[in-house]
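Remarks on the structure that follows.
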Amino acid sequence: MSKPSVLKIITTGEGGVGKTTLLHRYVEGKFLADTKMTLGVEFFLKEIELDGNKILLQIWDFGGQDRFRFLLKNYVMGAKGALFLFDLTRPFSLNCIDEWVKLCRTENFDLPILLLGSKADLTDLITINDTYVLEAKEYYDMFDYLRISSKTGENTDLAFELLAKEIIRKI
């Protein structure tokens with residue numbers, strides 16, 4: 001039996017946008033309404049099969065609070081791709097996108113980043129329109145954009161599949 005290829009993925013974005021909730025939904029298949037603030041970095045693993053190949057996703061969950069960012073540069077090393085999450089109901093969650101993209105691309109200027117608008121299930125509370133988001137996607141050279149919901153599971157598996165395929169395409 002062949003050993004799976006390992007892909008290191010980092011998840012970034014402001015605190016409270018749903019990074020940890022997304023990872024629990026994706027890795028464990030369940031929605032956790034009350035996750036605790038990530039202090040620094042957490043770590044998740046998920047083995048998937050993609051185009052007949054076994055791949056081990058090594059997913060690093062970066063704490064979004066500003067006070068932890070100085071730690072994160074050390075954890076970017078070796079990353080093959082990144083997810084940048086923002087909260088569709090909180091426009092200010094996009095405010096630090098520049099800082100996060102620079103952090104993600106510290107080591108690799110071409111690092112593939114997937115832009116994710118979280119909490120898509122809160123349709124009545126969404127305040128960010130897709131036109132604005134797509135402009136940010138283009139400006140920061142992110143390869144795609146999805147709306148996701150960790151609560152319903154909408155596009156959560158697809159997000160990781162798209163990122164893994166883009167990483168493999170670039171390798």
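To be explicit about the labels: the chains of the structure tokens are called A, B, and onward in the order shown, and within each one the residues are counted from 1, while ligands get numbers from 1 in the order they are shown.
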Which residues come within 9 Å of region 2-7 of chain A, counting only C-alpha atoms, excluding same-chain residues fewer than 4 positions away, as JSON, numbers by chain?
{"A": [47, 48, 49, 53, 54, 55, 56, 57, 58, 59, 78, 79, 80, 81, 164, 167]}
Would you write out those residues with C-alpha atoms, as a tab-separated table (two decimals), in the first residue's frame?
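Okay, this is what ended up in again-v7.tsv:
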```
chain	number	residue	atom	x	y	z
A	47	GLU	CA	-6.80	11.61	4.44
A	48	ILE	CA	-8.58	11.94	1.12
A	49	GLU	CA	-8.44	10.28	-2.27
A	53	ASN	CA	-4.14	9.15	-5.26
A	54	LYS	CA	-4.10	9.11	-1.47
A	55	ILE	CA	-3.42	12.51	0.04
A	56	LEU	CA	-2.99	13.43	3.68
A	57	LEU	CA	-4.11	16.97	4.36
A	58	GLN	CA	-2.19	18.45	7.24
A	59	ILE	CA	-4.35	21.45	8.14
A	78	GLY	CA	6.26	24.37	4.02
A	79	ALA	CA	2.63	25.32	3.33
A	80	LYS	CA	1.40	24.23	-0.10
A	81	GLY	CA	-1.89	26.16	0.01
A	164	ALA	CA	-5.95	20.17	-3.05
A	167	ILE	CA	-1.94	22.54	-5.15
```
Contacts of Leu125 (chain A) within 12 Å, only C-alpha atoms, excl. fewer than 3 positions in-chain, as a VMD selection string:
chain A and resid 87 to 91 118 to 122 128 to 129
Could those selected residues go to a file with N, CA and C atoms, as a short mmCIF file (atom, residue, chain, number, x, y, z; two decimals), in the first residue's frame?
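What ended up in selection-v4.cif:
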```cif
data_model
loop_
_atom_site.label_atom_id
_atom_site.label_comp_id
_atom_site.auth_asym_id
_atom_site.auth_seq_id
_atom_site.Cartn_x
_atom_site.Cartn_y
_atom_site.Cartn_z
N ASP A 87 -16.15 36.51 7.25
CA ASP A 87 -17.54 36.32 7.66
C ASP A 87 -18.43 37.20 6.77
N LEU A 88 -19.31 36.57 6.01
CA LEU A 88 -20.20 37.31 5.11
C LEU A 88 -21.11 38.29 5.83
N THR A 89 -21.28 38.14 7.14
CA THR A 89 -22.15 39.03 7.91
C THR A 89 -21.37 40.15 8.60
N ARG A 90 -20.04 40.13 8.49
CA ARG A 90 -19.20 41.14 9.15
C ARG A 90 -18.18 41.71 8.16
N PRO A 91 -18.50 42.81 7.49
CA PRO A 91 -17.60 43.37 6.48
C PRO A 91 -16.19 43.64 7.00
N SER A 118 -17.68 32.80 4.85
CA SER A 118 -18.32 31.87 5.79
C SER A 118 -19.69 32.37 6.25
N LYS A 119 -20.42 31.47 6.86
CA LYS A 119 -21.75 31.72 7.43
C LYS A 119 -22.78 32.04 6.35
N ALA A 120 -22.67 31.34 5.21
CA ALA A 120 -23.58 31.54 4.09
C ALA A 120 -25.02 31.18 4.45
N ASP A 121 -25.21 30.41 5.51
CA ASP A 121 -26.56 30.02 5.92
C ASP A 121 -27.33 31.19 6.54
N LEU A 122 -26.62 32.24 6.95
CA LEU A 122 -27.26 33.40 7.58
C LEU A 122 -27.67 34.41 6.52
N ILE A 128 -22.08 41.60 2.73
CA ILE A 128 -21.00 41.77 1.76
C ILE A 128 -21.48 41.21 0.42
N ASN A 129 -21.43 42.04 -0.63
CA ASN A 129 -21.88 41.53 -1.92
C ASN A 129 -20.72 40.87 -2.67
#
```
Excluding same-chain residues fewer than 5 positions from region 98-102 of chain A, what lies within 8 Å of it counting only C-alpha atoms, as a VMD selection string?
chain A and resid 12 to 13 84 140
Write out as JSON lines the residues of region 125-155 of chain A that have any atom within 9 Å of an atom of region 108-113 of chain A, one row each with the nearest atom pair and its distance in Å to one decimal, counting only C-alpha atoms, sorted by chain and then rising number.
```
{"residue": "A:Tyr140", "atom": "CA", "partner": "A:Ile113", "partner_atom": "CA", "distance": 8.9}
{"residue": "A:Asp141", "atom": "CA", "partner": "A:Ile113", "partner_atom": "CA", "distance": 8.0}
{"residue": "A:Met142", "atom": "CA", "partner": "A:Ile113", "partner_atom": "CA", "distance": 5.0}
{"residue": "A:Phe143", "atom": "CA", "partner": "A:Ile113", "partner_atom": "CA", "distance": 6.3}
{"residue": "A:Asp144", "atom": "CA", "partner": "A:Ile113", "partner_atom": "CA", "distance": 7.8}
```
Expected file contents, prior selection, C-alpha atoms, as an mmCIF file, in the first residue's frame:
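The resulting file, part-v7.cif, is reproduced below:
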```cif
data_model
loop_
_atom_site.group_PDB
_atom_site.id
_atom_site.type_symbol
_atom_site.label_atom_id
_atom_site.label_comp_id
_atom_site.auth_asym_id
_atom_site.auth_seq_id
_atom_site.Cartn_x
_atom_site.Cartn_y
_atom_site.Cartn_z
ATOM 1 C CA TYR A 140 -4.903 39.321 -4.292
ATOM 2 C CA ASP A 141 -4.599 36.714 -7.045
ATOM 3 C CA MET A 142 -6.632 34.067 -5.249
ATOM 4 C CA PHE A 143 -7.541 31.172 -7.500
ATOM 5 C CA ASP A 144 -11.239 30.873 -6.538
#
```
